[in-house]
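Novice: Please see the structure below; I have some questions.
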Amino acid sequence: VDDTVDDIAKNPSGDALARMARLLVRAGAAVGAASGAYALTRLADAPALTSHWDFAWDGHSDGSRKGPMRHIILVRHGQYHMESNQQGLTELGRQQARLVGMRLASWGVEFKGIHCSGMLRARQTAEIIGSCLPGVPQSKPDASLNEGCPILPEPPADDYRPSPSVVASDGPRIESAFRKYISRKPGADPARPWMHPADEWEIVVCHANVIRYFFLRSLQLSPDAWNRIATRHTGITHIIVHPDGRCYC
């Protein structure tokens, strides 16, 4: 290549330029082949990012069944006193809860109910949200929605290392909560099978780890990735369960 460049500098003839062009083409082909081989190697080593959707994930195998489109609105509790025993909401946390309640009220949808965990910060957040949605029934606190470690995170977290006994207790509990709140409902009214039921909207006030686990489980993604997702106080996660079994967030 250097000799060809010298020739072009001395005598920019057509032959010298053509020789340089051929060299560049060969060099480009070599680089491209090496890059392609590397890309194929990386793809072969990487885990599959997609898989076939399991339409029977909630125990209903009929992918064409009629039923309501379910909208589950997951809300993380507001800011709370982390150092106290009860861990109730701070004044900022109460303001956050009022703002998210006002936002949900502005959607103009008919919520079927408000559910919450048994922990004080979630109960207080749910009560404040409920005050912005008069007439929407509030369920009794459900301890299955309490905060915990649903599964050991991958990669491991440096600042969060729950014991195996904690995971063994929390994991099945949080999975049971997922099956309870994230699932399809019975199909169309037998008396009017041609009618699609109206959409159903429900609010679930709980905790960061629970919400992240629900998010991944509903999308049929690896649940051990939950610690890679960031959440904020009174953040909203909207999960849509289609009657045919598809889920969207």
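Residue numbering restarts at 1 in every chain; chains get A, B, ... in the order shown in the structure tokens, and ligands count up from 1 in that same order.
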Per residue of region 90-122 of chain A within 12 Å of region 139-159 of chain A, which atom pair is closest and at what distance in Å (one decimal), using only C-alpha atoms, listed by chain and increasing number, as JSON lines?
Specialist:
{"residue": "A:Lys112", "atom": "CA", "partner": "A:Ser139", "partner_atom": "CA", "distance": 10.4}
{"residue": "A:Gly113", "atom": "CA", "partner": "A:Ser139", "partner_atom": "CA", "distance": 7.0}
{"residue": "A:Ile114", "atom": "CA", "partner": "A:Ser139", "partner_atom": "CA", "distance": 6.1}
{"residue": "A:His115", "atom": "CA", "partner": "A:Ser139", "partner_atom": "CA", "distance": 5.2}
{"residue": "A:Cys116", "atom": "CA", "partner": "A:Pro141", "partner_atom": "CA", "distance": 5.3}
{"residue": "A:Ser117", "atom": "CA", "partner": "A:Leu145", "partner_atom": "CA", "distance": 4.6}
{"residue": "A:Gly118", "atom": "CA", "partner": "A:Ala143", "partner_atom": "CA", "distance": 4.7}
{"residue": "A:Met119", "atom": "CA", "partner": "A:Asn146", "partner_atom": "CA", "distance": 6.3}
{"residue": "A:Leu120", "atom": "CA", "partner": "A:Pro141", "partner_atom": "CA", "distance": 9.6}
{"residue": "A:Arg121", "atom": "CA", "partner": "A:Asn146", "partner_atom": "CA", "distance": 10.4}
{"residue": "A:Ala122", "atom": "CA", "partner": "A:Asn146", "partner_atom": "CA", "distance": 8.7}
Novice: With all heavy atoms retained, write the just-selected residues as an mmCIF file, in the first residue's frame.
Specialist:
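Result went into again27.cif, see below:
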data_model
loop_
_atom_site.group_PDB
_atom_site.id
_atom_site.type_symbol
_atom_site.label_atom_id
_atom_site.label_comp_id
_atom_site.auth_asym_id
_atom_site.auth_seq_id
_atom_site.Cartn_x
_atom_site.Cartn_y
_atom_site.Cartn_z
ATOM 1 N N LYS A 112 -62.580 -0.551 39.434
ATOM 2 C CA LYS A 112 -63.365 -1.581 40.105
ATOM 3 C C LYS A 112 -63.005 -1.685 41.581
ATOM 4 O O LYS A 112 -63.839 -2.069 42.416
ATOM 5 C CB LYS A 112 -63.134 -2.929 39.411
ATOM 6 C CG LYS A 112 -63.956 -4.069 39.945
ATOM 7 C CD LYS A 112 -63.686 -5.352 39.168
ATOM 8 C CE LYS A 112 -64.474 -6.525 39.712
ATOM 9 N NZ LYS A 112 -64.197 -7.775 38.949
ATOM 10 N N GLY A 113 -61.762 -1.367 41.918
ATOM 11 C CA GLY A 113 -61.362 -1.476 43.309
ATOM 12 C C GLY A 113 -59.925 -1.031 43.512
ATOM 13 O O GLY A 113 -59.159 -0.858 42.560
ATOM 14 N N ILE A 114 -59.575 -0.834 44.787
ATOM 15 C CA ILE A 114 -58.223 -0.471 45.190
ATOM 16 C C ILE A 114 -57.733 -1.533 46.168
ATOM 17 O O ILE A 114 -58.385 -1.809 47.175
ATOM 18 C CB ILE A 114 -58.174 0.915 45.856
ATOM 19 C CG1 ILE A 114 -58.713 1.984 44.912
ATOM 20 C CG2 ILE A 114 -56.744 1.250 46.281
ATOM 21 C CD1 ILE A 114 -58.846 3.356 45.560
ATOM 22 N N HIS A 115 -56.595 -2.123 45.856
ATOM 23 C CA HIS A 115 -55.995 -3.143 46.711
ATOM 24 C C HIS A 115 -54.654 -2.619 47.213
ATOM 25 O O HIS A 115 -54.022 -1.776 46.584
ATOM 26 C CB HIS A 115 -55.786 -4.445 45.930
ATOM 27 C CG HIS A 115 -56.971 -4.864 45.112
ATOM 28 N ND1 HIS A 115 -58.064 -5.500 45.653
ATOM 29 C CD2 HIS A 115 -57.235 -4.705 43.784
ATOM 30 C CE1 HIS A 115 -58.954 -5.734 44.696
ATOM 31 N NE2 HIS A 115 -58.476 -5.252 43.559
ATOM 32 N N CYS A 116 -54.206 -3.140 48.343
ATOM 33 C CA CYS A 116 -52.909 -2.704 48.862
ATOM 34 C C CYS A 116 -52.313 -3.797 49.722
ATOM 35 O O CYS A 116 -52.998 -4.738 50.143
ATOM 36 C CB CYS A 116 -53.036 -1.406 49.660
ATOM 37 S SG CYS A 116 -53.934 -1.556 51.222
ATOM 38 N N SER A 117 -51.010 -3.659 49.983
ATOM 39 C CA SER A 117 -50.335 -4.607 50.857
ATOM 40 C C SER A 117 -50.700 -4.310 52.310
ATOM 41 O O SER A 117 -51.395 -3.343 52.613
ATOM 42 C CB SER A 117 -48.814 -4.515 50.661
ATOM 43 O OG SER A 117 -48.257 -3.466 51.438
ATOM 44 N N GLY A 118 -50.179 -5.128 53.200
ATOM 45 C CA GLY A 118 -50.463 -4.931 54.615
ATOM 46 C C GLY A 118 -49.514 -3.979 55.305
ATOM 47 O O GLY A 118 -49.685 -3.696 56.499
ATOM 48 N N MET A 119 -48.534 -3.448 54.597
ATOM 49 C CA MET A 119 -47.538 -2.564 55.207
ATOM 50 C C MET A 119 -48.084 -1.140 55.284
ATOM 51 O O MET A 119 -48.793 -0.682 54.384
ATOM 52 C CB MET A 119 -46.231 -2.638 54.432
ATOM 53 C CG MET A 119 -45.705 -4.072 54.319
ATOM 54 S SD MET A 119 -44.114 -4.227 53.486
ATOM 55 C CE MET A 119 -43.010 -3.837 54.841
ATOM 56 N N LEU A 120 -47.737 -0.438 56.371
ATOM 57 C CA LEU A 120 -48.343 0.855 56.675
ATOM 58 C C LEU A 120 -48.201 1.849 55.529
ATOM 59 O O LEU A 120 -49.155 2.550 55.174
ATOM 60 C CB LEU A 120 -47.733 1.436 57.962
ATOM 61 C CG LEU A 120 -48.249 2.803 58.398
ATOM 62 C CD1 LEU A 120 -49.761 2.752 58.649
ATOM 63 C CD2 LEU A 120 -47.506 3.294 59.635
ATOM 64 N N ARG A 121 -47.029 1.961 54.942
ATOM 65 C CA ARG A 121 -46.819 2.953 53.887
ATOM 66 C C ARG A 121 -47.696 2.701 52.668
ATOM 67 O O ARG A 121 -48.147 3.643 52.018
ATOM 68 C CB ARG A 121 -45.342 2.994 53.482
ATOM 69 C CG ARG A 121 -44.735 1.657 53.039
ATOM 70 C CD ARG A 121 -43.230 1.840 52.857
ATOM 71 N NE ARG A 121 -42.521 0.671 52.374
ATOM 72 C CZ ARG A 121 -42.003 -0.272 53.140
ATOM 73 N NH1 ARG A 121 -42.159 -0.208 54.465
ATOM 74 N NH2 ARG A 121 -41.335 -1.294 52.622
ATOM 75 N N ALA A 122 -47.965 1.430 52.380
ATOM 76 C CA ALA A 122 -48.857 1.105 51.260
ATOM 77 C C ALA A 122 -50.309 1.373 51.636
ATOM 78 O O ALA A 122 -51.092 1.888 50.824
ATOM 79 C CB ALA A 122 -48.673 -0.349 50.833
#
Novice: If you count only C-alpha atoms, which residues fall within 9 Å of Ala208 (chain A), apart from same-chain ones fewer than 4 positions away, as a list of chain:residue names?
Specialist: A:Val75, A:Arg76, A:His77, A:Glu147, A:Arg212, A:Tyr213, A:Ala230, A:Thr231, A:Arg232, A:His233
Novice: Hey, can you spit out that residue selection with N, CA, C and O atoms as a compact mmCIF listing (two decimals), in the first residue's frame?
Specialist:
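Produced file again_28.txt, reproduced below:
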# COMPACT_ATOMS: atom_id res chain seq x y z
N VAL A 75 -49.15 0.78 41.70
CA VAL A 75 -48.63 2.05 42.22
C VAL A 75 -47.71 1.75 43.40
O VAL A 75 -48.11 1.06 44.35
N ARG A 76 -46.49 2.24 43.31
CA ARG A 76 -45.61 2.11 44.47
C ARG A 76 -46.03 3.13 45.52
O ARG A 76 -46.49 4.23 45.19
N HIS A 77 -45.86 2.78 46.78
CA HIS A 77 -46.20 3.68 47.88
C HIS A 77 -45.38 4.97 47.81
O HIS A 77 -44.38 5.07 47.09
N GLU A 147 -43.67 -6.20 50.79
CA GLU A 147 -42.35 -6.17 50.17
C GLU A 147 -41.56 -7.41 50.53
O GLU A 147 -41.77 -8.02 51.60
N ARG A 212 -41.74 -4.82 40.22
CA ARG A 212 -40.77 -5.21 39.20
C ARG A 212 -40.93 -6.69 38.83
O ARG A 212 -40.81 -7.07 37.67
N TYR A 213 -41.22 -7.51 39.83
CA TYR A 213 -41.44 -8.94 39.58
C TYR A 213 -42.71 -9.14 38.74
O TYR A 213 -42.71 -9.90 37.76
N ALA A 230 -35.51 0.30 37.57
CA ALA A 230 -35.64 1.35 38.59
C ALA A 230 -37.11 1.69 38.81
O ALA A 230 -37.92 1.64 37.88
N THR A 231 -37.45 2.00 40.05
CA THR A 231 -38.80 2.44 40.40
C THR A 231 -38.70 3.69 41.26
O THR A 231 -37.67 3.96 41.87
N ARG A 232 -39.78 4.44 41.31
CA ARG A 232 -39.82 5.67 42.10
C ARG A 232 -41.08 5.67 42.96
O ARG A 232 -42.06 4.99 42.65
N HIS A 233 -41.06 6.45 44.03
CA HIS A 233 -42.23 6.53 44.91
C HIS A 233 -43.44 7.03 44.12
O HIS A 233 -43.35 8.02 43.39
Novice: Can you tell me, as a ChimeraX atom specification, which residues in region 50-244 of chain A count as helix (DSSP H, G or I) by DSSP?
Specialist: /A:91-106,120-131,143-145,164-181,208-218,223-228
Novice: Counting only C-alpha atoms, which of A:Gln87, A:Asp224, A:Tyr248, A:Trp107 gets nearest to Val167 (chain A)?
Specialist: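 Of A:Gln87, A:Asp224, A:Tyr248, A:Trp107, the one nearest Val167 (chain A), counting only C-alpha atoms, is A:Asp224.
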Novice: Enter the distance from CA of Ile72 (chain A) to CA of Asp244 (chain A), in Å, rounded to one decimal.
Specialist: 16.1 Å
Novice: What's the 7 Å shell around Pro68 (chain A), counting only C-alpha atoms, without same-chain residues fewer than 3 positions away, as number ranges by chain?
Specialist: A: 185, 196-200, 243
Novice: Using C-alpha atoms, can you export the residues from the last selection as a CSV table (one decimal), in the first residue's frame?
Specialist:
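Full text of again-v3.csv as output:
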chain,number,residue,atom,x,y,z
A,185,LYS,CA,-61.3,-13.1,34.2
A,196,HIS,CA,-67.5,-8.3,24.8
A,197,PRO,CA,-67.5,-7.3,28.5
A,198,ALA,CA,-66.4,-3.8,29.4
A,199,ASP,CA,-62.7,-3.2,30.3
A,200,GLU,CA,-61.9,-3.7,34.0
A,243,PRO,CA,-58.6,-11.8,26.9
Novice: Using only C-alpha atoms, which of the listed residues (A:Ser163, A:Asn209, A:Thr90, A:Ser218) sits closest to Ile240 (chain A)?
Specialist: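 Among the listed residues, A:Ser218 lies closest to Ile240 (chain A).
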Novice: Which neighbours of Gly130 (chain A) fall inside 12 Å, counting only C-alpha atoms, when residues of the same chain fewer than 3 positions from it are skipped, and could you give them as an mmCIF file with N, CA, C and O atoms, in the first residue's frame?
Specialist:
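Once everything was written out, this is result.cif:
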data_model
loop_
_atom_site.group_PDB
_atom_site.id
_atom_site.type_symbol
_atom_site.label_atom_id
_atom_site.label_comp_id
_atom_site.auth_asym_id
_atom_site.auth_seq_id
_atom_site.Cartn_x
_atom_site.Cartn_y
_atom_site.Cartn_z
ATOM 1 N N ALA A 97 -48.847 10.836 47.200
ATOM 2 C CA ALA A 97 -50.040 9.996 47.103
ATOM 3 C C ALA A 97 -51.244 10.798 46.612
ATOM 4 O O ALA A 97 -52.041 10.318 45.803
ATOM 5 N N ARG A 98 -51.391 12.032 47.107
ATOM 6 C CA ARG A 98 -52.502 12.873 46.653
ATOM 7 C C ARG A 98 -52.374 13.192 45.161
ATOM 8 O O ARG A 98 -53.363 13.169 44.419
ATOM 9 N N LEU A 99 -51.166 13.483 44.734
ATOM 10 C CA LEU A 99 -50.956 13.817 43.319
ATOM 11 C C LEU A 99 -51.251 12.628 42.416
ATOM 12 O O LEU A 99 -51.872 12.775 41.360
ATOM 13 N N VAL A 100 -50.814 11.437 42.816
ATOM 14 C CA VAL A 100 -51.079 10.271 41.962
ATOM 15 C C VAL A 100 -52.566 9.929 41.995
ATOM 16 O O VAL A 100 -53.141 9.492 40.988
ATOM 17 N N GLY A 101 -53.220 10.160 43.149
ATOM 18 C CA GLY A 101 -54.662 9.947 43.210
ATOM 19 C C GLY A 101 -55.409 10.898 42.286
ATOM 20 O O GLY A 101 -56.345 10.505 41.575
ATOM 21 N N MET A 102 -54.991 12.145 42.255
ATOM 22 C CA MET A 102 -55.603 13.131 41.354
ATOM 23 C C MET A 102 -55.355 12.760 39.896
ATOM 24 O O MET A 102 -56.228 12.929 39.042
ATOM 25 N N ARG A 103 -54.176 12.264 39.633
ATOM 26 C CA ARG A 103 -53.872 11.866 38.255
ATOM 27 C C ARG A 103 -54.761 10.698 37.815
ATOM 28 O O ARG A 103 -55.305 10.704 36.714
ATOM 29 N N LEU A 104 -54.907 9.700 38.671
ATOM 30 C CA LEU A 104 -55.756 8.560 38.322
ATOM 31 C C LEU A 104 -57.210 8.998 38.149
ATOM 32 O O LEU A 104 -57.919 8.504 37.268
ATOM 33 N N ALA A 105 -57.653 9.931 38.992
ATOM 34 C CA ALA A 105 -59.022 10.433 38.870
ATOM 35 C C ALA A 105 -59.226 11.147 37.542
ATOM 36 O O ALA A 105 -60.325 11.118 36.967
ATOM 37 N N PHE A 111 -62.855 2.678 38.076
ATOM 38 C CA PHE A 111 -62.032 1.678 38.748
ATOM 39 C C PHE A 111 -62.920 0.727 39.540
ATOM 40 O O PHE A 111 -63.841 1.144 40.239
ATOM 41 N N LYS A 112 -62.580 -0.551 39.434
ATOM 42 C CA LYS A 112 -63.365 -1.581 40.105
ATOM 43 C C LYS A 112 -63.005 -1.685 41.581
ATOM 44 O O LYS A 112 -63.839 -2.069 42.416
ATOM 45 N N GLY A 113 -61.762 -1.367 41.918
ATOM 46 C CA GLY A 113 -61.362 -1.476 43.309
ATOM 47 C C GLY A 113 -59.925 -1.031 43.512
ATOM 48 O O GLY A 113 -59.159 -0.858 42.560
ATOM 49 N N ILE A 114 -59.575 -0.834 44.787
ATOM 50 C CA ILE A 114 -58.223 -0.471 45.190
ATOM 51 C C ILE A 114 -57.733 -1.533 46.168
ATOM 52 O O ILE A 114 -58.385 -1.809 47.175
ATOM 53 N N HIS A 115 -56.595 -2.123 45.856
ATOM 54 C CA HIS A 115 -55.995 -3.143 46.711
ATOM 55 C C HIS A 115 -54.654 -2.619 47.213
ATOM 56 O O HIS A 115 -54.022 -1.776 46.584
ATOM 57 N N CYS A 116 -54.206 -3.140 48.343
ATOM 58 C CA CYS A 116 -52.909 -2.704 48.862
ATOM 59 C C CYS A 116 -52.313 -3.797 49.722
ATOM 60 O O CYS A 116 -52.998 -4.738 50.143
ATOM 61 N N ARG A 123 -50.690 1.044 52.877
ATOM 62 C CA ARG A 123 -52.065 1.291 53.321
ATOM 63 C C ARG A 123 -52.371 2.787 53.307
ATOM 64 O O ARG A 123 -53.440 3.208 52.852
ATOM 65 N N GLN A 124 -51.436 3.588 53.809
ATOM 66 C CA GLN A 124 -51.653 5.034 53.831
ATOM 67 C C GLN A 124 -51.744 5.603 52.412
ATOM 68 O O GLN A 124 -52.580 6.459 52.130
ATOM 69 N N THR A 125 -50.895 5.112 51.526
ATOM 70 C CA THR A 125 -50.940 5.579 50.136
ATOM 71 C C THR A 125 -52.274 5.216 49.503
ATOM 72 O O THR A 125 -52.891 6.040 48.806
ATOM 73 N N ALA A 126 -52.747 4.000 49.736
ATOM 74 C CA ALA A 126 -54.024 3.564 49.161
ATOM 75 C C ALA A 126 -55.185 4.387 49.702
ATOM 76 O O ALA A 126 -56.120 4.733 48.963
ATOM 77 N N GLU A 127 -55.148 4.723 50.997
ATOM 78 C CA GLU A 127 -56.224 5.527 51.585
ATOM 79 C C GLU A 127 -56.280 6.917 50.960
ATOM 80 O O GLU A 127 -57.369 7.440 50.661
ATOM 81 N N LEU A 133 -60.788 9.213 44.770
ATOM 82 C CA LEU A 133 -61.659 8.398 43.920
ATOM 83 C C LEU A 133 -62.876 7.962 44.727
ATOM 84 O O LEU A 133 -63.033 6.778 45.050
ATOM 85 N N PRO A 134 -63.759 8.881 45.082
ATOM 86 C CA PRO A 134 -64.919 8.529 45.897
ATOM 87 C C PRO A 134 -65.796 7.494 45.197
ATOM 88 O O PRO A 134 -66.009 7.559 43.996
ATOM 89 N N GLY A 135 -66.239 6.540 45.987
ATOM 90 C CA GLY A 135 -67.101 5.501 45.439
ATOM 91 C C GLY A 135 -66.368 4.254 45.002
ATOM 92 O O GLY A 135 -67.001 3.215 44.765
ATOM 93 N N VAL A 136 -65.042 4.311 44.881
ATOM 94 C CA VAL A 136 -64.277 3.123 44.485
ATOM 95 C C VAL A 136 -63.991 2.303 45.746
ATOM 96 O O VAL A 136 -63.368 2.807 46.682
ATOM 97 N N PRO A 137 -64.441 1.061 45.797
ATOM 98 C CA PRO A 137 -64.248 0.253 47.009
ATOM 99 C C PRO A 137 -62.778 -0.073 47.250
ATOM 100 O O PRO A 137 -62.006 -0.266 46.308
ATOM 101 N N GLN A 138 -62.413 -0.139 48.527
ATOM 102 C CA GLN A 138 -61.053 -0.499 48.912
ATOM 103 C C GLN A 138 -61.071 -1.859 49.603
ATOM 104 O O GLN A 138 -61.815 -2.067 50.555
ATOM 105 N N SER A 139 -60.251 -2.759 49.119
ATOM 106 C CA SER A 139 -60.168 -4.098 49.703
ATOM 107 C C SER A 139 -59.394 -4.071 51.012
ATOM 108 O O SER A 139 -58.650 -3.117 51.293
ATOM 109 N N GLU A 202 -58.324 -1.851 37.830
ATOM 110 C CA GLU A 202 -58.083 -2.018 39.257
ATOM 111 C C GLU A 202 -56.747 -1.387 39.625
ATOM 112 O O GLU A 202 -55.821 -1.340 38.811
ATOM 113 N N ILE A 203 -56.651 -0.926 40.857
ATOM 114 C CA ILE A 203 -55.435 -0.303 41.376
ATOM 115 C C ILE A 203 -54.853 -1.207 42.454
ATOM 116 O O ILE A 203 -55.575 -1.667 43.339
ATOM 117 N N VAL A 204 -53.551 -1.455 42.363
ATOM 118 C CA VAL A 204 -52.851 -2.250 43.367
ATOM 119 C C VAL A 204 -51.683 -1.423 43.886
ATOM 120 O O VAL A 204 -50.765 -1.087 43.138
ATOM 121 N N VAL A 205 -51.739 -1.067 45.176
ATOM 122 C CA VAL A 205 -50.679 -0.268 45.791
ATOM 123 C C VAL A 205 -49.757 -1.218 46.564
ATOM 124 O O VAL A 205 -50.195 -1.894 47.494
#
